[in-house]
Structures are given as structure tokens and as C-alpha cells.
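Student: File name protein_16.cif; file contents mmCIF, N, CA, C and O atoms; full text below.
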```
data_model
loop_
_atom_site.label_atom_id
_atom_site.label_comp_id
_atom_site.auth_asym_id
_atom_site.auth_seq_id
_atom_site.Cartn_x
_atom_site.Cartn_y
_atom_site.Cartn_z
N MET J 1 19.34 16.74 -11.58
CA MET J 1 18.83 17.94 -10.94
C MET J 1 19.50 19.17 -11.55
O MET J 1 20.67 19.12 -11.91
N THR J 2 18.74 20.22 -11.62
CA THR J 2 19.32 21.47 -12.08
C THR J 2 20.12 22.10 -10.95
O THR J 2 20.09 21.63 -9.80
N LYS J 3 20.84 23.14 -11.27
CA LYS J 3 21.67 23.80 -10.26
C LYS J 3 20.82 24.36 -9.12
O LYS J 3 21.17 24.23 -7.95
N LYS J 4 19.68 24.93 -9.48
CA LYS J 4 18.77 25.48 -8.46
C LYS J 4 18.21 24.37 -7.58
O LYS J 4 18.11 24.52 -6.36
N GLU J 5 17.85 23.22 -8.20
CA GLU J 5 17.33 22.10 -7.44
C GLU J 5 18.40 21.52 -6.50
O GLU J 5 18.09 21.11 -5.39
N ARG J 6 19.66 21.49 -6.95
CA ARG J 6 20.74 21.00 -6.09
C ARG J 6 20.93 21.89 -4.87
O ARG J 6 21.13 21.40 -3.76
N GLN J 7 20.83 23.20 -5.09
CA GLN J 7 20.96 24.13 -3.96
C GLN J 7 19.80 23.92 -2.98
O GLN J 7 20.00 23.92 -1.77
N GLN J 8 18.61 23.75 -3.52
CA GLN J 8 17.46 23.51 -2.66
C GLN J 8 17.60 22.17 -1.95
O GLN J 8 17.23 22.04 -0.78
N PHE J 9 18.17 21.17 -2.63
CA PHE J 9 18.39 19.86 -2.01
C PHE J 9 19.37 19.97 -0.84
O PHE J 9 19.21 19.29 0.17
N GLN J 10 20.38 20.81 -0.99
CA GLN J 10 21.34 21.01 0.10
C GLN J 10 20.66 21.60 1.34
O GLN J 10 21.00 21.26 2.46
N GLN J 11 19.68 22.47 1.13
CA GLN J 11 18.99 23.12 2.24
C GLN J 11 17.84 22.27 2.78
O GLN J 11 17.58 22.27 3.98
N ASP J 12 17.14 21.57 1.91
CA ASP J 12 15.94 20.83 2.31
C ASP J 12 15.90 19.48 1.58
O ASP J 12 15.11 19.28 0.65
N PRO J 13 16.74 18.49 2.02
CA PRO J 13 16.81 17.23 1.28
C PRO J 13 15.54 16.38 1.33
O PRO J 13 15.28 15.60 0.42
N GLN J 14 14.72 16.54 2.37
CA GLN J 14 13.51 15.71 2.44
C GLN J 14 12.44 16.15 1.46
O GLN J 14 11.45 15.46 1.28
N ALA J 15 12.62 17.26 0.79
CA ALA J 15 11.66 17.71 -0.21
C ALA J 15 11.79 16.93 -1.52
O ALA J 15 10.92 17.01 -2.38
N PHE J 16 12.87 16.17 -1.66
CA PHE J 16 13.11 15.41 -2.89
C PHE J 16 13.07 13.92 -2.60
O PHE J 16 13.55 13.47 -1.56
N LYS J 17 12.55 13.18 -3.54
CA LYS J 17 12.49 11.72 -3.41
C LYS J 17 13.60 11.14 -4.27
O LYS J 17 13.40 10.86 -5.44
N VAL J 18 14.77 10.96 -3.68
CA VAL J 18 15.91 10.46 -4.45
C VAL J 18 16.40 9.11 -3.95
O VAL J 18 17.20 8.46 -4.59
N ARG J 19 15.92 8.63 -2.82
CA ARG J 19 16.45 7.41 -2.24
C ARG J 19 15.50 6.21 -2.31
O ARG J 19 15.86 5.13 -1.94
N TYR J 20 14.28 6.41 -2.74
CA TYR J 20 13.34 5.30 -2.82
C TYR J 20 12.33 5.57 -3.92
O TYR J 20 12.19 6.69 -4.39
N LEU J 21 11.66 4.54 -4.31
CA LEU J 21 10.61 4.67 -5.32
C LEU J 21 9.29 4.95 -4.63
O LEU J 21 8.96 4.32 -3.63
N PHE J 22 8.56 5.87 -5.16
CA PHE J 22 7.24 6.20 -4.63
C PHE J 22 6.21 5.62 -5.57
O PHE J 22 6.24 5.86 -6.77
N ARG J 23 5.32 4.81 -5.03
CA ARG J 23 4.27 4.20 -5.83
C ARG J 23 2.92 4.55 -5.24
O ARG J 23 2.71 4.42 -4.05
N GLU J 24 2.05 5.01 -6.10
CA GLU J 24 0.67 5.26 -5.67
C GLU J 24 -0.23 4.46 -6.59
O GLU J 24 -0.21 4.63 -7.80
N PHE J 25 -0.98 3.56 -5.99
CA PHE J 25 -1.85 2.68 -6.76
C PHE J 25 -3.27 3.22 -6.71
O PHE J 25 -3.80 3.51 -5.64
N LEU J 26 -3.85 3.35 -7.87
CA LEU J 26 -5.22 3.83 -7.97
C LEU J 26 -6.06 2.71 -8.60
O LEU J 26 -5.97 2.45 -9.80
N PHE J 27 -6.80 2.02 -7.77
CA PHE J 27 -7.65 0.93 -8.23
C PHE J 27 -9.10 1.28 -7.97
O PHE J 27 -9.43 1.89 -6.97
N ASP J 28 -9.94 0.85 -8.88
CA ASP J 28 -11.37 0.97 -8.67
C ASP J 28 -11.84 -0.38 -8.13
O ASP J 28 -11.86 -1.37 -8.86
N PHE J 29 -12.16 -0.44 -6.84
CA PHE J 29 -12.52 -1.69 -6.20
C PHE J 29 -13.98 -2.07 -6.44
O PHE J 29 -14.37 -3.20 -6.16
N LEU J 30 -14.78 -1.16 -6.96
CA LEU J 30 -16.20 -1.44 -7.16
C LEU J 30 -16.45 -2.62 -8.10
O LEU J 30 -17.28 -3.48 -7.79
N PRO J 31 -15.75 -2.74 -9.24
CA PRO J 31 -16.01 -3.89 -10.11
C PRO J 31 -15.63 -5.24 -9.48
O PRO J 31 -16.11 -6.27 -9.89
N LEU J 32 -14.79 -5.23 -8.47
CA LEU J 32 -14.37 -6.47 -7.84
C LEU J 32 -15.36 -6.98 -6.81
O LEU J 32 -15.25 -8.10 -6.33
N ALA J 33 -16.34 -6.18 -6.45
CA ALA J 33 -17.20 -6.46 -5.31
C ALA J 33 -17.94 -7.79 -5.41
O ALA J 33 -18.02 -8.52 -4.44
N SER J 34 -18.48 -8.13 -6.55
CA SER J 34 -19.32 -9.33 -6.61
C SER J 34 -18.78 -10.41 -7.54
O SER J 34 -19.49 -11.35 -7.87
N SER J 35 -17.53 -10.32 -7.96
CA SER J 35 -17.04 -11.27 -8.96
C SER J 35 -16.43 -12.54 -8.36
O SER J 35 -16.23 -13.50 -9.06
N SER J 36 -16.12 -12.57 -7.08
CA SER J 36 -15.49 -13.74 -6.48
C SER J 36 -16.52 -14.61 -5.77
O SER J 36 -17.38 -14.11 -5.06
N PRO J 37 -16.41 -15.93 -5.93
CA PRO J 37 -17.34 -16.81 -5.20
C PRO J 37 -17.02 -16.87 -3.71
O PRO J 37 -17.88 -17.15 -2.91
N ILE J 38 -15.77 -16.63 -3.34
CA ILE J 38 -15.37 -16.62 -1.93
C ILE J 38 -15.43 -15.19 -1.44
O ILE J 38 -14.76 -14.31 -1.98
N LYS J 39 -16.22 -14.94 -0.45
CA LYS J 39 -16.39 -13.58 0.06
C LYS J 39 -15.44 -13.34 1.23
O LYS J 39 -15.44 -14.08 2.21
N PRO J 40 -14.60 -12.30 1.14
CA PRO J 40 -13.71 -11.97 2.25
C PRO J 40 -14.45 -11.28 3.39
O PRO J 40 -15.61 -10.87 3.24
N LYS J 41 -13.77 -11.14 4.53
CA LYS J 41 -14.38 -10.47 5.67
C LYS J 41 -14.62 -8.99 5.38
O LYS J 41 -15.58 -8.40 5.84
N VAL J 42 -13.70 -8.38 4.62
CA VAL J 42 -13.78 -6.96 4.32
C VAL J 42 -14.10 -6.78 2.85
O VAL J 42 -13.39 -7.30 1.99
N ASP J 43 -15.17 -6.07 2.56
CA ASP J 43 -15.53 -5.75 1.18
C ASP J 43 -14.70 -4.54 0.76
O ASP J 43 -14.90 -3.43 1.25
N LEU J 44 -13.74 -4.76 -0.14
CA LEU J 44 -12.82 -3.70 -0.52
C LEU J 44 -13.51 -2.53 -1.23
O LEU J 44 -13.00 -1.43 -1.24
N SER J 45 -14.67 -2.78 -1.81
CA SER J 45 -15.38 -1.69 -2.46
C SER J 45 -16.03 -0.74 -1.46
O SER J 45 -16.45 0.35 -1.81
N ARG J 46 -16.08 -1.15 -0.19
CA ARG J 46 -16.72 -0.32 0.84
C ARG J 46 -15.72 0.08 1.94
O ARG J 46 -16.10 0.24 3.08
N LEU J 47 -14.47 0.23 1.58
CA LEU J 47 -13.44 0.60 2.56
C LEU J 47 -13.71 1.98 3.14
O LEU J 47 -14.05 2.91 2.41
N ALA J 48 -13.52 2.10 4.44
CA ALA J 48 -13.64 3.42 5.08
C ALA J 48 -12.37 4.23 4.84
O ALA J 48 -12.42 5.45 4.76
N ALA J 49 -11.25 3.54 4.73
CA ALA J 49 -9.97 4.21 4.48
C ALA J 49 -9.77 4.39 2.98
O ALA J 49 -10.43 3.74 2.16
N SER J 50 -8.82 5.24 2.62
CA SER J 50 -8.54 5.47 1.21
C SER J 50 -7.71 4.31 0.64
O SER J 50 -7.07 3.57 1.39
N PRO J 51 -7.69 4.16 -0.68
CA PRO J 51 -6.84 3.13 -1.28
C PRO J 51 -5.36 3.36 -0.97
O PRO J 51 -4.59 2.40 -0.91
N HIS J 52 -4.98 4.61 -0.75
CA HIS J 52 -3.59 4.91 -0.39
C HIS J 52 -3.24 4.28 0.96
O HIS J 52 -2.16 3.71 1.13
N VAL J 53 -4.14 4.36 1.92
CA VAL J 53 -3.92 3.74 3.23
C VAL J 53 -3.83 2.23 3.08
O VAL J 53 -2.96 1.58 3.69
N LEU J 54 -4.69 1.65 2.26
CA LEU J 54 -4.63 0.22 2.01
C LEU J 54 -3.27 -0.16 1.42
O LEU J 54 -2.66 -1.15 1.82
N GLY J 55 -2.78 0.64 0.49
CA GLY J 55 -1.47 0.39 -0.10
C GLY J 55 -0.35 0.47 0.91
O GLY J 55 0.58 -0.34 0.90
N LEU J 56 -0.43 1.45 1.82
CA LEU J 56 0.59 1.57 2.86
C LEU J 56 0.55 0.37 3.79
O LEU J 56 1.60 -0.19 4.16
N VAL J 57 -0.64 -0.05 4.19
CA VAL J 57 -0.78 -1.21 5.08
C VAL J 57 -0.17 -2.44 4.42
O VAL J 57 0.60 -3.19 5.04
N LEU J 58 -0.49 -2.67 3.15
CA LEU J 58 0.04 -3.84 2.46
C LEU J 58 1.54 -3.75 2.25
O LEU J 58 2.24 -4.76 2.31
N THR J 59 2.04 -2.55 2.02
CA THR J 59 3.49 -2.38 1.86
C THR J 59 4.22 -2.77 3.13
O THR J 59 5.20 -3.51 3.10
N TYR J 60 3.76 -2.27 4.26
CA TYR J 60 4.41 -2.63 5.53
C TYR J 60 4.24 -4.11 5.84
O TYR J 60 5.20 -4.78 6.23
N TYR J 61 3.05 -4.62 5.69
CA TYR J 61 2.75 -5.99 6.10
C TYR J 61 3.37 -7.03 5.16
O TYR J 61 3.98 -8.00 5.62
N VAL J 62 3.26 -6.81 3.85
CA VAL J 62 3.73 -7.80 2.89
C VAL J 62 5.17 -7.55 2.47
O VAL J 62 6.04 -8.41 2.61
N ASN J 63 5.46 -6.35 1.96
CA ASN J 63 6.79 -6.08 1.42
C ASN J 63 7.87 -6.04 2.50
O ASN J 63 8.97 -6.53 2.29
N PHE J 64 7.57 -5.41 3.62
CA PHE J 64 8.56 -5.29 4.69
C PHE J 64 8.50 -6.45 5.68
O PHE J 64 9.34 -6.55 6.56
N GLY J 65 7.49 -7.30 5.58
CA GLY J 65 7.39 -8.47 6.44
C GLY J 65 7.13 -8.15 7.90
O GLY J 65 7.49 -8.92 8.78
N MET J 66 6.50 -7.01 8.14
CA MET J 66 6.18 -6.64 9.52
C MET J 66 4.96 -7.43 9.99
O MET J 66 4.13 -7.84 9.19
N SER J 67 4.86 -7.62 11.31
CA SER J 67 3.68 -8.28 11.85
C SER J 67 2.49 -7.32 11.78
O SER J 67 2.66 -6.12 11.52
N SER J 68 1.32 -7.83 12.01
CA SER J 68 0.12 -6.98 11.95
C SER J 68 0.16 -5.91 13.04
O SER J 68 -0.25 -4.77 12.82
N ARG J 69 0.68 -6.26 14.20
CA ARG J 69 0.77 -5.28 15.29
C ARG J 69 1.83 -4.21 14.98
O ARG J 69 1.62 -3.04 15.26
N GLU J 70 2.94 -4.63 14.41
CA GLU J 70 3.98 -3.66 14.01
C GLU J 70 3.45 -2.74 12.91
O GLU J 70 3.73 -1.54 12.91
N THR J 71 2.70 -3.31 11.98
CA THR J 71 2.12 -2.51 10.90
C THR J 71 1.14 -1.48 11.44
O THR J 71 1.17 -0.31 11.05
N ALA J 72 0.27 -1.89 12.35
CA ALA J 72 -0.70 -0.96 12.95
C ALA J 72 0.04 0.14 13.72
O ALA J 72 -0.34 1.31 13.64
N ALA J 73 1.11 -0.21 14.44
CA ALA J 73 1.89 0.78 15.17
C ALA J 73 2.59 1.74 14.22
O ALA J 73 2.63 2.96 14.47
N ALA J 74 3.13 1.23 13.12
CA ALA J 74 3.80 2.10 12.13
C ALA J 74 2.80 3.05 11.49
O ALA J 74 3.12 4.22 11.26
N MET J 75 1.61 2.56 11.19
CA MET J 75 0.59 3.44 10.61
C MET J 75 0.23 4.57 11.56
O MET J 75 0.04 5.71 11.14
N LYS J 76 0.17 4.28 12.84
CA LYS J 76 -0.16 5.30 13.85
C LYS J 76 1.01 6.27 14.03
O LYS J 76 0.83 7.48 14.01
N ASP J 77 2.23 5.73 14.19
CA ASP J 77 3.39 6.57 14.48
C ASP J 77 3.84 7.39 13.29
O ASP J 77 4.17 8.57 13.43
N ILE J 78 3.87 6.79 12.12
CA ILE J 78 4.41 7.47 10.94
C ILE J 78 3.36 8.29 10.21
O ILE J 78 3.61 9.44 9.82
N HIS J 79 2.18 7.73 10.03
CA HIS J 79 1.16 8.37 9.19
C HIS J 79 0.00 8.95 9.97
O HIS J 79 -0.86 9.62 9.39
N GLY J 80 -0.09 8.66 11.26
CA GLY J 80 -1.19 9.19 12.07
C GLY J 80 -2.53 8.55 11.80
O GLY J 80 -3.57 9.11 12.11
N VAL J 81 -2.51 7.35 11.22
CA VAL J 81 -3.74 6.61 10.91
C VAL J 81 -3.90 5.52 11.96
O VAL J 81 -3.06 4.63 12.08
N SER J 82 -4.97 5.59 12.70
CA SER J 82 -5.20 4.62 13.76
C SER J 82 -6.05 3.46 13.25
O SER J 82 -7.22 3.63 12.93
N ILE J 83 -5.41 2.28 13.13
CA ILE J 83 -6.11 1.06 12.74
C ILE J 83 -5.67 -0.05 13.69
O ILE J 83 -4.61 0.02 14.29
N SER J 84 -6.48 -1.08 13.80
CA SER J 84 -6.14 -2.19 14.67
C SER J 84 -5.34 -3.24 13.89
O SER J 84 -5.34 -3.26 12.66
N HIS J 85 -4.68 -4.12 14.63
CA HIS J 85 -3.93 -5.19 13.97
C HIS J 85 -4.89 -6.15 13.26
O HIS J 85 -4.53 -6.72 12.22
N GLN J 86 -6.10 -6.30 13.76
CA GLN J 86 -7.07 -7.17 13.10
C GLN J 86 -7.50 -6.57 11.75
O GLN J 86 -7.73 -7.31 10.78
N THR J 87 -7.57 -5.26 11.67
CA THR J 87 -7.89 -4.61 10.40
C THR J 87 -6.79 -4.88 9.39
O THR J 87 -7.07 -5.12 8.21
N VAL J 88 -5.54 -4.85 9.83
CA VAL J 88 -4.41 -5.16 8.94
C VAL J 88 -4.57 -6.58 8.40
O VAL J 88 -4.42 -6.82 7.20
N LEU J 89 -4.87 -7.54 9.27
CA LEU J 89 -5.06 -8.92 8.84
C LEU J 89 -6.25 -9.06 7.89
O LEU J 89 -6.17 -9.78 6.89
N ASN J 90 -7.35 -8.37 8.18
CA ASN J 90 -8.53 -8.43 7.32
C ASN J 90 -8.23 -7.85 5.94
O ASN J 90 -8.65 -8.42 4.92
N TYR J 91 -7.52 -6.71 5.89
CA TYR J 91 -7.15 -6.12 4.60
C TYR J 91 -6.28 -7.09 3.80
O TYR J 91 -6.51 -7.31 2.61
N ALA J 92 -5.27 -7.67 4.44
CA ALA J 92 -4.35 -8.57 3.74
C ALA J 92 -5.09 -9.81 3.23
O ALA J 92 -4.87 -10.23 2.08
N ASN J 93 -5.96 -10.38 4.04
CA ASN J 93 -6.72 -11.56 3.59
C ASN J 93 -7.67 -11.23 2.46
O ASN J 93 -7.82 -12.02 1.51
N SER J 94 -8.31 -10.09 2.52
CA SER J 94 -9.25 -9.70 1.46
C SER J 94 -8.52 -9.46 0.14
O SER J 94 -8.98 -9.92 -0.92
N VAL J 95 -7.40 -8.76 0.20
CA VAL J 95 -6.64 -8.51 -1.02
C VAL J 95 -6.09 -9.81 -1.58
O VAL J 95 -6.06 -10.02 -2.80
N ALA J 96 -5.66 -10.72 -0.71
CA ALA J 96 -5.14 -12.01 -1.16
C ALA J 96 -6.19 -12.79 -1.95
O ALA J 96 -5.88 -13.42 -2.96
N LEU J 97 -7.44 -12.74 -1.50
CA LEU J 97 -8.50 -13.43 -2.23
C LEU J 97 -8.73 -12.83 -3.61
O LEU J 97 -9.03 -13.54 -4.57
N TRP J 98 -8.57 -11.51 -3.71
CA TRP J 98 -8.82 -10.85 -5.01
C TRP J 98 -7.67 -11.06 -5.98
O TRP J 98 -7.89 -11.19 -7.18
N ILE J 99 -6.44 -11.08 -5.50
CA ILE J 99 -5.30 -11.17 -6.44
C ILE J 99 -4.88 -12.59 -6.75
O ILE J 99 -4.11 -12.81 -7.67
N LYS J 100 -5.38 -13.58 -6.00
CA LYS J 100 -4.99 -14.97 -6.25
C LYS J 100 -5.22 -15.40 -7.70
O LYS J 100 -4.33 -15.98 -8.31
N PRO J 101 -6.37 -15.12 -8.31
CA PRO J 101 -6.53 -15.52 -9.72
C PRO J 101 -5.52 -14.85 -10.66
O PRO J 101 -5.07 -15.48 -11.62
N PHE J 102 -5.14 -13.61 -10.38
CA PHE J 102 -4.15 -12.94 -11.23
C PHE J 102 -2.77 -13.57 -11.07
O PHE J 102 -2.04 -13.74 -12.03
N VAL J 103 -2.41 -13.93 -9.85
CA VAL J 103 -1.11 -14.54 -9.58
C VAL J 103 -1.06 -15.95 -10.18
O VAL J 103 -0.04 -16.35 -10.74
N ASP J 104 -2.15 -16.68 -10.08
CA ASP J 104 -2.18 -18.04 -10.61
C ASP J 104 -2.03 -18.08 -12.13
O ASP J 104 -1.45 -19.02 -12.66
N ARG J 105 -2.55 -17.08 -12.81
CA ARG J 105 -2.52 -17.08 -14.29
C ARG J 105 -1.48 -16.14 -14.87
O ARG J 105 -1.46 -15.89 -16.06
N PHE J 106 -0.56 -15.61 -14.06
CA PHE J 106 0.43 -14.66 -14.55
C PHE J 106 1.47 -15.41 -15.40
O PHE J 106 2.01 -16.42 -14.97
N PRO J 107 1.77 -14.90 -16.61
CA PRO J 107 2.78 -15.57 -17.46
C PRO J 107 4.20 -15.20 -16.99
O PRO J 107 4.77 -14.18 -17.37
N TYR J 108 4.80 -16.03 -16.17
CA TYR J 108 6.10 -15.74 -15.58
C TYR J 108 7.26 -15.93 -16.54
O TYR J 108 8.38 -15.57 -16.25
N GLU J 109 7.01 -16.52 -17.71
CA GLU J 109 8.08 -16.75 -18.66
C GLU J 109 8.67 -15.44 -19.03
O GLU J 109 9.03 -14.87 -19.77
#
```
Re-express the file's structure as C-alpha cells.
Tutor:
Amino acid sequence: MTKKERQQFQQDPQAFKVRYLFREFLFDFLPLASSSPIKPKVDLSRLAASPHVLGLVLTYYVNFGMSSRETAAAMKDIHGVSISHQTVLNYANSVALWIKPFVDRFPYE
């Protein structure tokens, strides 16, 4: 940080992202719509929410190991996005069906 940025950090530390990694995933879900023989409950190409919301839901549910109800509550309390716990489960199951082929063929060596 520059000297000016350090002074600003002293006054307003939440304006800087220094304690965690910020990831924003931009995927085009349209090409995925008809390529899988197994159809999930939720068609990711027709999501009502933004891909950013989907990423947040998956981060809480998968990375942090929160339950679907805890994830729905966190989305409401932290981000102001009202979704049901069943929507969290549907999103996770749909994404799991799409990424399974990538995970199965990933070269882990």
C-alpha cells in the first residue's frame, strides 16, 4: 500500500480487501443447458438470480460446510437475498451434475 492508502486504511479498513481472497466467477451457463443426459431440477441457463448469487450460495454451502437452512439465512442476513433452503439444495445438486464430468477427468498429477 502507498502512504495515502495506509492512511485511508487506518480511517476506513473495510474499504480494502486485505484479509481474504475475493473471487468472482463469470460463467456462461447457456452452452451447458442441453449437453447433459441427466437433467437437474434447476436449469442453470434460466436462473432468476445472478451468477454472483449462485457463487455465494455455493461458497457458503460447499466451502464453509453450512447447512442449506444456514446458507439461506446467511444470504438473507448478510446479502439481503431471500432464497429458500430448497433453492440452495437445488442449486447445489444442479451444479454438481454439471461439474461431475470435469472433476472425473481432472488430471490431478
Student: Interatomic distance between atom O of Tyr91 of chain J and atom C of Asp104 of chain J?
Tutor: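 Between atom O of Tyr91 of chain J and atom C of Asp104 of chain J the gap works out to 18.8 Å.
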Student: At most 12 Å from (-5.1, -11.4, -1.7), file frame, only C-alpha atoms: which residues, as an MDAnalysis selection string?
Tutor: chainID J and resid 36 38:42 44 58 62 89:104
Student: Based on the selection just made, write N, CA, C and O atoms of those residues as a compact mmCIF listing (two decimals), keeping the file's coordinate frame.
Tutor:
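That gives us selection_2.txt:
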```txt
# COMPACT_ATOMS: atom_id res chain seq x y z
N SER J 36 -16.12 -12.57 -7.08
CA SER J 36 -15.49 -13.74 -6.48
C SER J 36 -16.52 -14.61 -5.77
O SER J 36 -17.38 -14.11 -5.06
N ILE J 38 -15.77 -16.63 -3.34
CA ILE J 38 -15.37 -16.62 -1.93
C ILE J 38 -15.43 -15.19 -1.44
O ILE J 38 -14.76 -14.31 -1.98
N LYS J 39 -16.22 -14.94 -0.45
CA LYS J 39 -16.39 -13.58 0.06
C LYS J 39 -15.44 -13.34 1.23
O LYS J 39 -15.44 -14.08 2.21
N PRO J 40 -14.60 -12.30 1.14
CA PRO J 40 -13.71 -11.97 2.25
C PRO J 40 -14.45 -11.28 3.39
O PRO J 40 -15.61 -10.87 3.24
N LYS J 41 -13.77 -11.14 4.53
CA LYS J 41 -14.38 -10.47 5.67
C LYS J 41 -14.62 -8.99 5.38
O LYS J 41 -15.58 -8.40 5.84
N VAL J 42 -13.70 -8.38 4.62
CA VAL J 42 -13.78 -6.96 4.32
C VAL J 42 -14.10 -6.78 2.85
O VAL J 42 -13.39 -7.30 1.99
N LEU J 44 -13.74 -4.76 -0.14
CA LEU J 44 -12.82 -3.70 -0.52
C LEU J 44 -13.51 -2.53 -1.23
O LEU J 44 -13.00 -1.43 -1.24
N LEU J 58 -0.49 -2.67 3.15
CA LEU J 58 0.04 -3.84 2.46
C LEU J 58 1.54 -3.75 2.25
O LEU J 58 2.24 -4.76 2.31
N VAL J 62 3.26 -6.81 3.85
CA VAL J 62 3.73 -7.80 2.89
C VAL J 62 5.17 -7.55 2.47
O VAL J 62 6.04 -8.41 2.61
N LEU J 89 -4.87 -7.54 9.27
CA LEU J 89 -5.06 -8.92 8.84
C LEU J 89 -6.25 -9.06 7.89
O LEU J 89 -6.17 -9.78 6.89
N ASN J 90 -7.35 -8.37 8.18
CA ASN J 90 -8.53 -8.43 7.32
C ASN J 90 -8.23 -7.85 5.94
O ASN J 90 -8.65 -8.42 4.92
N TYR J 91 -7.52 -6.71 5.89
CA TYR J 91 -7.15 -6.12 4.60
C TYR J 91 -6.28 -7.09 3.80
O TYR J 91 -6.51 -7.31 2.61
N ALA J 92 -5.27 -7.67 4.44
CA ALA J 92 -4.35 -8.57 3.74
C ALA J 92 -5.09 -9.81 3.23
O ALA J 92 -4.87 -10.23 2.08
N ASN J 93 -5.96 -10.38 4.04
CA ASN J 93 -6.72 -11.56 3.59
C ASN J 93 -7.67 -11.23 2.46
O ASN J 93 -7.82 -12.02 1.51
N SER J 94 -8.31 -10.09 2.52
CA SER J 94 -9.25 -9.70 1.46
C SER J 94 -8.52 -9.46 0.14
O SER J 94 -8.98 -9.92 -0.92
N VAL J 95 -7.40 -8.76 0.20
CA VAL J 95 -6.64 -8.51 -1.02
C VAL J 95 -6.09 -9.81 -1.58
O VAL J 95 -6.06 -10.02 -2.80
N ALA J 96 -5.66 -10.72 -0.71
CA ALA J 96 -5.14 -12.01 -1.16
C ALA J 96 -6.19 -12.79 -1.95
O ALA J 96 -5.88 -13.42 -2.96
N LEU J 97 -7.44 -12.74 -1.50
CA LEU J 97 -8.50 -13.43 -2.23
C LEU J 97 -8.73 -12.83 -3.61
O LEU J 97 -9.03 -13.54 -4.57
N TRP J 98 -8.57 -11.51 -3.71
CA TRP J 98 -8.82 -10.85 -5.01
C TRP J 98 -7.67 -11.06 -5.98
O TRP J 98 -7.89 -11.19 -7.18
N ILE J 99 -6.44 -11.08 -5.50
CA ILE J 99 -5.30 -11.17 -6.44
C ILE J 99 -4.88 -12.59 -6.75
O ILE J 99 -4.11 -12.81 -7.67
N LYS J 100 -5.38 -13.58 -6.00
CA LYS J 100 -4.99 -14.97 -6.25
C LYS J 100 -5.22 -15.40 -7.70
O LYS J 100 -4.33 -15.98 -8.31
N PRO J 101 -6.37 -15.12 -8.31
CA PRO J 101 -6.53 -15.52 -9.72
C PRO J 101 -5.52 -14.85 -10.66
O PRO J 101 -5.07 -15.48 -11.62
N PHE J 102 -5.14 -13.61 -10.38
CA PHE J 102 -4.15 -12.94 -11.23
C PHE J 102 -2.77 -13.57 -11.07
O PHE J 102 -2.04 -13.74 -12.03
N VAL J 103 -2.41 -13.93 -9.85
CA VAL J 103 -1.11 -14.54 -9.58
C VAL J 103 -1.06 -15.95 -10.18
O VAL J 103 -0.04 -16.35 -10.74
N ASP J 104 -2.15 -16.68 -10.08
CA ASP J 104 -2.18 -18.04 -10.61
C ASP J 104 -2.03 -18.08 -12.13
O ASP J 104 -1.45 -19.02 -12.66
```
Student: Between atom CA of Ser45 of chain J and atom CA of Ala74 of chain J, what is the spacing in Å?
Tutor: 24.4 Å
Student: For the atom pair atom O of Ile83 of chain J and atom C of Glu70 of chain J, what is the interatomic distance in Å to one decimal place?
Tutor: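 It comes out at 8.6 Å.
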Student: Between J:Leu47, J:Val81, J:Met1, J:Val88, which one has atoms that come closest to Tyr61 of chain J, using all atoms listed in the file?
Tutor: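 Among J:Leu47, J:Val81, J:Met1, J:Val88, it is J:Val88 that comes nearest to Tyr61 of chain J.
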